[in-house]
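These notes are about the structure you will find just below.
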Amino acid sequence: MTRVLELDGITKRFGSVTANEDVSLHLDRGEILALLGENGAGKTTLMSILFGHYTADAGNVRIEGQLLPPGRPRAAIAAGIGMVHQHFALAPNLSVLDNVMTGTEPLWRLRSDRRAGRAKLLALSEKFGLKVDPDAMVSELSVGECQRLEILKALYNDARILILDEPTAVLTTQEAEGLFNTLRDMAAKGLSLVFISHKLHEVMSASHRVTVLRRGRVVAERRTADTSKEELAELMVGRKVERPSRTDTARGRVLLEGRDLKVGGKGGASLKGASFKVRAGETLGIIGVSGNGQTTLAGLVSGLYPPDSGALLVAGEAPRRHDVPGAIAAGIGRIPEDRNTEGAVAEMTTWENAVLERIWSPEFSSRGVVKRAAARAATEAIIRDYDVRGATVDGRIRLLSGGNMQKLILGRVLTADPSILVAAQPSRGLDEGAIAGVHARLLEARGRGAAVLLISEDLDEVIALSDRIQAIAGGKLSPAIPADRADARLLGLMMAGDWSAARAIAGEGEGEKHHAL
Amino acid sequence: MRFERRDQPSAVLTLLAPVGAILAALVVAGGLIAIAGANVFEAYGLILKGAFGSRLGISETLTRATPLLLTGLAAAVAFRARLWNIGAEGQLYMGALAVAAVAMVPGIASLPGALSIPLCLAAGAAAGMALLLVPLGLRLRFGVDEVVTSLLLNFVAVLFVSMMIEGPMRDPLAFGWPQSVPVPDSALLPKLLERSRLHAGLLIALAAAVVVWWLQSRTVFGMRSRAAGLNPRAASFAGVPLGRTLIAVACLSGGMAGLAGAVEVMGVKGYVSTDLSPSYGYSGIVIAMLANLNPIGVIGAALFSAVMFVGADSMSRALGIPSYIADVTVALSLLTMLVAIFLTQYRIRR
């Protein structure tokens, strides 16, 4: 096999933080290499060095034996490296063809050769089975299509080595499967690929070889065929990780109930009739493919807007005020779907972020004046009790990693001892260690008798944490099935909107109850 | 050369940024002074001497700093909440006009100062608020960009003032000059220094700076307004009422600008005319930026501008360099400050 890419002894420091230390790895033609590591292990930094966004403090990069000049993205592109970023770099107001061609032609050319561009794009799309419409506006594309476009953009620049940074972070399970098929196909056609991930099942299913990074160092390299999920998990985290599992708890009365809730077009997809009940000491999992109304449901229960019709009952009563302070006062703890844009104000301090949602309470303010000492002390306690690493009370929260940000959010929510907990995508984008921590906290809340509404797109998570599961599809909630009857196939059907089996199971449950009476 | 974001901008750099920015602006302006054919050091020496060298100089500088302090606060408090109030000039004029209007109410002249002064100040602040609530209302209701509307309202406001003082509010005893009926003596602000123009407005402005600082850094309102400005989505998730918070910010900002106009009429001029403000409203934007939007910093930044303006006047009389050099320097300092703020947040790497 020919070696197309070689990184040798890469070291990169940011101030006192060492992001990469003496990292060496290589890539052969036609190979898919997975770069596995937890968030903050230095994966993205390493690839940014390769692509010329950063300059390494030591070490060098060779492409097909040629030394790559450091710090020049243009040189990297010219050498045949294509990068597909985690967050798409597309202009939504331009067409697919325009996005692909941008930057490929000299600026001073008066006419752009769109005919040739279109032909090339269509040929690539044909060759790799990446279907696109060159004239579609990017703003009209789905997330999966945007990703396809990003890949095509790289290929259009004659990339022979493709780097994908967490390519599945924004995709549904089905879209991710499709992507991996494409990647395998591309590798078979002679392209070489590196994909960055912290998800073990992806690495196992899509790669030929795995390089594991931990704290900026390469800790292991394995052929995918010779390793297992368990081994990789341990290598990645540095210790054995087990996700906590659910134990039986005593269920109490219904604390949260939705009765035929309808909301039109607030947080995206509308809710067209959602009914559910969550009891004390119980977790209700809501599973669904993104964009089916779960964001709207989470926003509604979080108090961001009232329902257009239907009723949301807290402990059997409709809250007096349907807004955020009303929800918090009614004992609803809220874990937002997007911790960076909804859960925190990046440029404010940790303590301000920790108390902002309860700043009106007498605990943190009196007569409109913030009780800074009390707020700081409470934050100090959260940082300590929830092991929020890297956080200082007066530091900007922007510096926290995703997992630690989520710990802080869990801390600020759970210290208020909520009787109801709404957790929207609580482990999205987190690494294994952090996920285990989040799950433990959610189970702990349930164990203390809180009613937990878990909204997630992750099947494993929902099955592991929930007592009962409902699927959301097209803005409606399916009948609830007990978690021990759930499997991937049944949940897949439910998520697709086929509820006949779920209805039968739910009916059984009812029957048994009557029987028991 | 590339820029890397600093994790945590250091406090020292943040404090040094305006100093560096002002020095850089002075260096560039120095080049212009040299081109104009004068000795740069002599020119700057004369500016300092003009601003601080005499009792008159000091009192004039402080008089000049007073409205700048208030318009600087108006911009700083609004920008913190990402409310782009570019309309302080218009709000200042409306504040001034409101004072003149109150002064025309029969019986005001016979009120004691302890009543008529607060009444006039309140009227000025209220008028400034009202003018800013128009663009804010348009933004909240229809999503109209307040940069454009608040800026354009400046011209509307100044022309409205012009119409009023040439029409119904014109002083019949002013020999045909377009100026308003004078404010009665009881509503004039007391002087701080005998035989100077320095008036109690300075104390009002200084107190305002402290109050605004306290509001922003110590109160629920301040925390909410910062959150609303920095990340509206997260703020509303945390239960911050965005609309109400912005309205309160607008009242504070417009109020400061209106107060600037009121203070200028009640302390310096005694009547309203269309040459009341040499762009105090616009200078306020520069001052707020120089202060890094910190209300206490606004005091220093306003003083810097005032020194430049007053000093340049006397320097130009001595050297024949146009006093516009002050405008140039202050404008330059805005540009250098933007660079300096950037450098506090990013480091340069090769």
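The way I read the labels, and the way they are meant: chains A, B, ... in the order of the structure tokens, residue 1 as the first residue of every chain, and ligand 1 as the first ligand shown, with later ones counted on from there.
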
Exercise for the section: Please run DSSP on the backbone and report, as a list in words, all residues within stretch 410-505 of chain A that come out as strand (DSSP E or B). Expected result: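 Matching residues, listed in order: Ile420, Leu421, Val422, Ala423, Ala424, Ala451, Val452, Leu453, Leu454, Ile455, Ser456, Arg468, Ile469, Gln470, Ala471, Ile472, Ala473, Lys476, Leu477, Ile481 and Pro482 of chain A.
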
Practice task
Going by DSSP on the backbone, which bits of stretch 51-252 of chain B are helix (DSSP H, G or I)? Write them as a ChimeraX atom specification, please.
Solution key: /B:51-52,55-80,88-104,108-110,113-142,146-166,185-187,201-218,220-230,232-237,242-252

Problem - 10 Å contact set for stretch 40-43 of chain B, only C-alpha atoms, chain neighbours under 2 positions out, as a list in words - result: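 So the residues in contact are Leu26, Val27, Ala29, Gly30, Gly31, Leu32, Ile33, Ala34, Ile35, Ala36, Gly37, Ala38, Gly45, Leu46, Ile47, Leu48, Lys49, Gly311, Ala312, Ser314, Met315, Ser316, Ala318, Leu319 and Ile321 of chain B.
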
Practice task
Kindly provide, as a count of residues only, the residues of chain A having any atom no farther than 10 Å from an atom of chain B, counting only C-alpha atoms.
Solution key: 50

Practice task
Just the residues within 9 Å of A:Asp417, please, counting only C-alpha atoms, with nothing from its chain fewer than 2 positions along; format it as number ranges by chain.
Solution key: A: 331, 333, 413-415, 419-420, 445, 450

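Across the model, the gap from atom CA of A:Ser205 to atom CA of A:Leu465 is 24.8 Å.
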
Practice task
Find the spatial neighbours of B:Asp275, counting only C-alpha atoms, within a cut-off of 10 Å - ignore same-chain residues fewer than 3 positions away - and output them as a list in words.
Solution key: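 Near neighbours after the sequence-gap exclusion: Tyr93, Val158, Gln179, Val272, Pro278 and Ser279 of chain B.
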
Exercise for the section: May I have the residues within 10 Å of A:Asp57 as a VMD selection string, using only C-alpha atoms and disregarding those fewer than 3 positions away in the same chain? Expected result: chain A and resid 9 to 14 20 to 21 49 54 60

With C-alpha atoms kept, could you save the residues just selected as a short mmCIF file (atom, residue, chain, number, x, y, z; two decimals), in the first residue's frame?
data_model
loop_
_atom_site.label_atom_id
_atom_site.label_comp_id
_atom_site.auth_asym_id
_atom_site.auth_seq_id
_atom_site.Cartn_x
_atom_site.Cartn_y
_atom_site.Cartn_z
CA GLY A 9 6.03 14.12 16.05
CA ILE A 10 3.41 16.85 16.03
CA THR A 11 3.40 18.97 19.18
CA LYS A 12 1.15 21.97 19.73
CA ARG A 13 0.79 24.07 22.84
CA PHE A 14 -1.68 26.84 23.60
CA ASN A 20 -0.93 17.60 21.00
CA GLU A 21 2.26 16.02 22.18
CA ILE A 49 -2.56 21.55 11.98
CA TYR A 54 -2.67 26.10 13.06
CA ASN A 60 5.98 17.91 10.35
#

Handout entry: Pick from A:Arg412, A:Lys272, A:Arg223, A:Arg246 nearest to A:Ala464, counting only C-alpha atoms
Key =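 Looking only at the distances to A:Ala464, the closest residue turns out to be A:Arg246.
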
Practice task
Find the residue from A:Lys43, A:Arg160, A:Arg222, A:Arg111 that sits nearest to A:Ala79; use only C-alpha atoms when measuring.
Solution key: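 With only C-alpha atoms as the atom set, the closest residue is A:Arg160.
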
Problem - Selection near A:Asp458, 9 Å with only C-alpha atoms, sequence-local residues under 6 positions removed, as a ChimeraX atom specification - result: /A:173,287-288,425,427-428

Practice task
Record the distance separating atom CA of A:Val263 and atom CA of A:Gln294, expressed in Å with one decimal.
Solution key: 11.4 Å

Practice task
Calculate how many Å separate atom CA of A:Pro306 from atom CA of B:Ala81, rounding to one decimal.
Solution key: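 Separation between atom CA of A:Pro306 and atom CA of B:Ala81: 26.5 Å.
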
Please build the interface table for stretch 61-122 of chain B against stretch 243-267 of chain B with a cut-off of 10 Å, listing for each qualifying residue the nearest atom pair and the distance in Å to one decimal; count only C-alpha atoms, order rows by chain and increasing number, and write it as CSV.
residue,atom,partner,partner_atom,distance
B:Thr63,CA,B:Gly267,CA,8.9
B:Arg64,CA,B:Glu264,CA,9.4
B:Thr66,CA,B:Ala260,CA,7.7
B:Pro67,CA,B:Ala260,CA,4.8
B:Leu68,CA,B:Ala260,CA,7.7
B:Leu69,CA,B:Ala260,CA,8.2
B:Leu70,CA,B:Ala260,CA,5.4
B:Thr71,CA,B:Ala257,CA,5.0
B:Gly72,CA,B:Ala257,CA,8.4
B:Leu73,CA,B:Met256,CA,6.7
B:Ala74,CA,B:Ser253,CA,4.1
B:Ala75,CA,B:Ser253,CA,6.6
B:Ala76,CA,B:Ser253,CA,8.1
B:Val77,CA,B:Ser253,CA,6.0
B:Ala78,CA,B:Ser253,CA,5.7
B:Phe79,CA,B:Ser253,CA,9.3
B:Arg80,CA,B:Val249,CA,9.2
B:Ala81,CA,B:Val249,CA,7.3
B:Arg82,CA,B:Leu246,CA,9.1
B:Leu83,CA,B:Leu246,CA,7.5
B:Trp84,CA,B:Ala250,CA,9.8
B:Asn85,CA,B:Ser253,CA,7.9
B:Gly87,CA,B:Gly254,CA,8.4
B:Ala88,CA,B:Ala257,CA,5.3
B:Glu89,CA,B:Ala257,CA,7.4
B:Gly90,CA,B:Ala257,CA,8.5
B:Gln91,CA,B:Gly258,CA,5.2
B:Leu92,CA,B:Gly261,CA,4.3
B:Tyr93,CA,B:Gly261,CA,5.7
B:Met94,CA,B:Gly258,CA,6.5
B:Gly95,CA,B:Gly258,CA,4.0
B:Ala96,CA,B:Gly261,CA,4.4
B:Leu97,CA,B:Ala262,CA,7.9
B:Ala98,CA,B:Ala262,CA,7.7
B:Val99,CA,B:Ala262,CA,6.0
B:Ala100,CA,B:Val265,CA,8.2
B:Ile117,CA,B:Met266,CA,8.3
B:Cys120,CA,B:Ala262,CA,7.2
B:Leu121,CA,B:Ala262,CA,5.9
B:Ala122,CA,B:Leu259,CA,7.8

Handout entry: Which of B:Phe342, B:Leu62, B:Arg347, B:Ile287 sits closest to B:Leu202 [using only C-alpha atoms]
Key =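 Closest candidate: B:Leu62.
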